[in-house]
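Asker: Take a look at this one; I'll ask things after.
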Amino acid sequence: LVLRKEARMSRHRSEVSDEQWAQIAPLLPEPKASPKGGPKPIANRPVFEGILWVLRSGARWKDLPDRYPSPSTCWRRLRTWEEQDIWLSAWRALLKQLDEQGQLDWAETFADGSFAPAKKGALVGKTKRGKGTKWMVVVDGEGIPLGNYLDAASPAEVTLIEPTLEQVAVPRAGRGRPRKNPQRLIYDKAADSDPLRARLARKGIELICPHRKNRVKPPTQDGRPLRRYKRRWKVERTFSWWGNFRRLVVRWEYHIEMYQAFVNVACLWIVLRQL
């Protein structure tokens, strides 16, 4: 039965090219047969493609086409690999490849937050737009996601910038601590906080953002650094890429871990397309 289903799945257009799968496959653990016996475990590739189909389409799990493994198989592996940090590790491994090729721009990074409506579950907060979960992301100078952070929609973004930066950890070649701190972080006026600016400066990060109109204290930067602010469209483009993953637009997952898994897979896929 398993062999017949795998043969049926192979007759349809693949969600992942052979070249892309060659990059991903070594980063995912091979499924193991149960010691209690039972059917042969489904290979990773069709399961990954089923997860990617749900992520892109935004459809319900029960609407997963028959050409993919069962919804329960795909859901369980998505959950298991999130619990084991497989998605995060795979994403960071691909970032490492880009960094080794000199394709990550650490001199100029951007960050921003967005909102996904949600009704129930952890990290759901109230706003004027209704209940939801907030996405935070840090991208390099070309819009490649370096780190993300999820929280309830209620907290102000200025309080979430540092936790988001803490999620950046790109492995280095050989031994050594992961690379974490960019040279500059460019944000909108929501980040105009002198204490935040000072804390980031102690880490060697220059915060570039416009001052608020109601600011009372003297300005801390002139117009020269703010020239870089004109390139904030790059992080906005990253959010538009995320918008192509329809499962992220509205958070249907009750468990935040499952929503985080989808976010990590989306980041992985964006990075993969740069290789």
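Ordering of the structure tokens sets the chain letters (A, B, ...), residue numbers begin anew at 1 in every chain, and ligands are numbered from 1 in the order given.
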Could you list, as a VMD selection string, every residue within 12 Å of Ser17 in chain A, counting only C-alpha atoms and ignoring same-chain residues fewer than 2 positions away?
Answerer: chain A and resid 13 to 15 19 to 25 45 to 46 49 272 to 273
Asker: Output as JSON, numbers by chain all residues of range 26-151 of chain A that backbone DSSP marks as strand (DSSP E).
Answerer: {"A": [109, 110, 111, 112, 113, 114, 115, 116, 117, 125, 126, 127, 130, 131, 132, 133, 134, 135, 136, 137, 138, 139, 145, 146, 147, 148, 149, 150, 151]}
Asker: Please save N, CA and C atoms of the selected residues as a PDB file, in the first residue's frame.
Answerer:
```pdb
ATOM      1  N   THR A 109      21.293  45.814   8.207  1.00  0.00           N
ATOM      2  CA  THR A 109      20.163  44.897   8.397  1.00  0.00           C
ATOM      3  C   THR A 109      18.910  45.702   8.719  1.00  0.00           C
ATOM      4  N   PHE A 110      17.776  45.065   8.528  1.00  0.00           N
ATOM      5  CA  PHE A 110      16.489  45.718   8.733  1.00  0.00           C
ATOM      6  C   PHE A 110      15.628  44.817   9.603  1.00  0.00           C
ATOM      7  N   ALA A 111      14.699  45.406  10.326  1.00  0.00           N
ATOM      8  CA  ALA A 111      13.758  44.638  11.136  1.00  0.00           C
ATOM      9  C   ALA A 111      12.398  45.315  11.083  1.00  0.00           C
ATOM     10  N   ASP A 112      11.370  44.525  11.312  1.00  0.00           N
ATOM     11  CA  ASP A 112      10.016  45.066  11.320  1.00  0.00           C
ATOM     12  C   ASP A 112       9.092  44.029  11.926  1.00  0.00           C
ATOM     13  N   GLY A 113       7.863  44.446  12.190  1.00  0.00           N
ATOM     14  CA  GLY A 113       6.861  43.557  12.738  1.00  0.00           C
ATOM     15  C   GLY A 113       5.605  43.586  11.896  1.00  0.00           C
ATOM     16  N   SER A 114       4.839  42.509  11.961  1.00  0.00           N
ATOM     17  CA  SER A 114       3.557  42.444  11.273  1.00  0.00           C
ATOM     18  C   SER A 114       2.584  41.684  12.154  1.00  0.00           C
ATOM     19  N   PHE A 115       1.377  41.483  11.654  1.00  0.00           N
ATOM     20  CA  PHE A 115       0.270  41.003  12.484  1.00  0.00           C
ATOM     21  C   PHE A 115      -0.470  39.896  11.743  1.00  0.00           C
ATOM     22  N   ALA A 116      -0.757  38.816  12.450  1.00  0.00           N
ATOM     23  CA  ALA A 116      -1.575  37.731  11.918  1.00  0.00           C
ATOM     24  C   ALA A 116      -2.799  37.565  12.815  1.00  0.00           C
ATOM     25  N   PRO A 117      -4.002  37.725  12.278  1.00  0.00           N
ATOM     26  CA  PRO A 117      -5.199  37.526  13.109  1.00  0.00           C
ATOM     27  C   PRO A 117      -5.234  36.119  13.688  1.00  0.00           C
ATOM     28  N   GLY A 125      -2.923  38.349  21.443  1.00  0.00           N
ATOM     29  CA  GLY A 125      -3.170  39.580  22.175  1.00  0.00           C
ATOM     30  C   GLY A 125      -4.165  40.470  21.454  1.00  0.00           C
ATOM     31  N   LYS A 126      -4.745  41.412  22.189  1.00  0.00           N
ATOM     32  CA  LYS A 126      -5.747  42.307  21.628  1.00  0.00           C
ATOM     33  C   LYS A 126      -5.095  43.578  21.085  1.00  0.00           C
ATOM     34  N   THR A 127      -5.594  44.047  19.946  1.00  0.00           N
ATOM     35  CA  THR A 127      -5.191  45.319  19.366  1.00  0.00           C
ATOM     36  C   THR A 127      -6.438  45.992  18.801  1.00  0.00           C
ATOM     37  N   GLY A 130      -8.070  43.866  16.314  1.00  0.00           N
ATOM     38  CA  GLY A 130      -8.605  42.599  16.777  1.00  0.00           C
ATOM     39  C   GLY A 130      -7.518  41.761  17.427  1.00  0.00           C
ATOM     40  N   LYS A 131      -7.856  40.529  17.744  1.00  0.00           N
ATOM     41  CA  LYS A 131      -6.902  39.627  18.377  1.00  0.00           C
ATOM     42  C   LYS A 131      -5.924  39.078  17.341  1.00  0.00           C
ATOM     43  N   GLY A 132      -4.695  38.810  17.817  1.00  0.00           N
ATOM     44  CA  GLY A 132      -3.739  38.250  16.877  1.00  0.00           C
ATOM     45  C   GLY A 132      -2.383  37.988  17.490  1.00  0.00           C
ATOM     46  N   THR A 133      -1.480  37.541  16.627  1.00  0.00           N
ATOM     47  CA  THR A 133      -0.096  37.236  16.971  1.00  0.00           C
ATOM     48  C   THR A 133       0.809  38.117  16.129  1.00  0.00           C
ATOM     49  N   LYS A 134       1.890  38.596  16.740  1.00  0.00           N
ATOM     50  CA  LYS A 134       2.799  39.489  16.026  1.00  0.00           C
ATOM     51  C   LYS A 134       4.012  38.721  15.526  1.00  0.00           C
ATOM     52  N   TRP A 135       4.352  38.937  14.248  1.00  0.00           N
ATOM     53  CA  TRP A 135       5.608  38.437  13.691  1.00  0.00           C
ATOM     54  C   TRP A 135       6.645  39.534  13.846  1.00  0.00           C
ATOM     55  N   MET A 136       7.859  39.163  14.204  1.00  0.00           N
ATOM     56  CA  MET A 136       9.007  40.062  14.143  1.00  0.00           C
ATOM     57  C   MET A 136      10.088  39.355  13.346  1.00  0.00           C
ATOM     58  N   VAL A 137      10.781  40.098  12.505  1.00  0.00           N
ATOM     59  CA  VAL A 137      11.816  39.486  11.677  1.00  0.00           C
ATOM     60  C   VAL A 137      12.984  40.444  11.523  1.00  0.00           C
ATOM     61  N   VAL A 138      14.197  39.877  11.481  1.00  0.00           N
ATOM     62  CA  VAL A 138      15.417  40.605  11.131  1.00  0.00           C
ATOM     63  C   VAL A 138      15.918  40.040   9.821  1.00  0.00           C
ATOM     64  N   VAL A 139      16.223  40.927   8.863  1.00  0.00           N
ATOM     65  CA  VAL A 139      16.717  40.486   7.561  1.00  0.00           C
ATOM     66  C   VAL A 139      18.052  41.166   7.278  1.00  0.00           C
ATOM     67  N   PRO A 145      15.914  36.513   5.554  1.00  0.00           N
ATOM     68  CA  PRO A 145      15.604  36.425   6.997  1.00  0.00           C
ATOM     69  C   PRO A 145      16.724  35.774   7.792  1.00  0.00           C
ATOM     70  N   LEU A 146      17.187  36.478   8.820  1.00  0.00           N
ATOM     71  CA  LEU A 146      18.243  35.977   9.708  1.00  0.00           C
ATOM     72  C   LEU A 146      17.679  35.441  11.009  1.00  0.00           C
ATOM     73  N   GLY A 147      16.534  35.974  11.445  1.00  0.00           N
ATOM     74  CA  GLY A 147      15.925  35.542  12.694  1.00  0.00           C
ATOM     75  C   GLY A 147      14.491  36.019  12.766  1.00  0.00           C
ATOM     76  N   ASN A 148      13.658  35.297  13.505  1.00  0.00           N
ATOM     77  CA  ASN A 148      12.265  35.719  13.693  1.00  0.00           C
ATOM     78  C   ASN A 148      11.857  35.493  15.135  1.00  0.00           C
ATOM     79  N   TYR A 149      10.789  36.160  15.504  1.00  0.00           N
ATOM     80  CA  TYR A 149      10.297  36.073  16.884  1.00  0.00           C
ATOM     81  C   TYR A 149       8.797  36.278  16.870  1.00  0.00           C
ATOM     82  N   LEU A 150       8.073  35.449  17.607  1.00  0.00           N
ATOM     83  CA  LEU A 150       6.624  35.553  17.711  1.00  0.00           C
ATOM     84  C   LEU A 150       6.232  35.981  19.114  1.00  0.00           C
ATOM     85  N   ASP A 151       5.202  36.829  19.174  1.00  0.00           N
ATOM     86  CA  ASP A 151       4.683  37.254  20.480  1.00  0.00           C
ATOM     87  C   ASP A 151       3.222  37.633  20.286  1.00  0.00           C
TER      88      ASP A 151
END
```
Asker: Could you check the closest approach to Trp233 in chain A for each of A:Ile208, A:Leu88, A:Ile186, A:Ala173 and tell me which residue wins, using only C-alpha atoms?
Answerer: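 Closest residue, counting only C-alpha atoms: A:Ile186.
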Asker: Write out as a list in words which residues come within 9 Å of Leu196 in chain A when counting only C-alpha atoms, dropping same-chain ones fewer than 2 positions away.
Answerer: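 My list of contacting residues is Val158, Thr159, Ile161, Glu162, Ala191, Asp192, Ser193, Asp194, Ala198, Arg199, Leu200, Ala201 and Leu207 of chain A.
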Asker: For Val249 in chain A, find every residue with an atom within 12 Å (counting only C-alpha atoms), except residues of its own chain fewer than 3 positions away, and show them as a list in words.
Answerer: Leu55, Arg56, Ser57, Gly58, Ala59, Ser114, Phe115, Ala116, Pro117, Ala118, Gly132, Thr133, Lys134, Trp135, Phe239, Ser240, Trp241, Trp242, Gly243, Asn244, Phe245, Arg246, Trp252, Glu253, Tyr259, Phe262, Val263 and Ala266 of chain A
Asker: Which residues are near range 71-81 of chain A? Cut-off 8 Å, only C-alpha atoms, ignore same chain within fewer than 6 positions. Put them as a list in words.
Answerer: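 Result of the neighbour search: Val47, Phe48, Gly50, Ile51, Trp61, Lys62, Leu64, Trp87, Glu257, Met258 and Ala261 of chain A.
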Asker: Please, what distance in Å, to one decimal, runs between CA of Ile205 in chain A and CA of Ile86 in chain A?
Answerer: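 Value for the CA of Ile205 in chain A-CA of Ile86 in chain A distance: 29.1 Å.
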Asker: So, counting only C-alpha atoms, which residue among A:Lys217, A:Arg129, A:Arg67, A:Arg179 is closest to Asp99 in chain A?
Answerer: A:Arg179
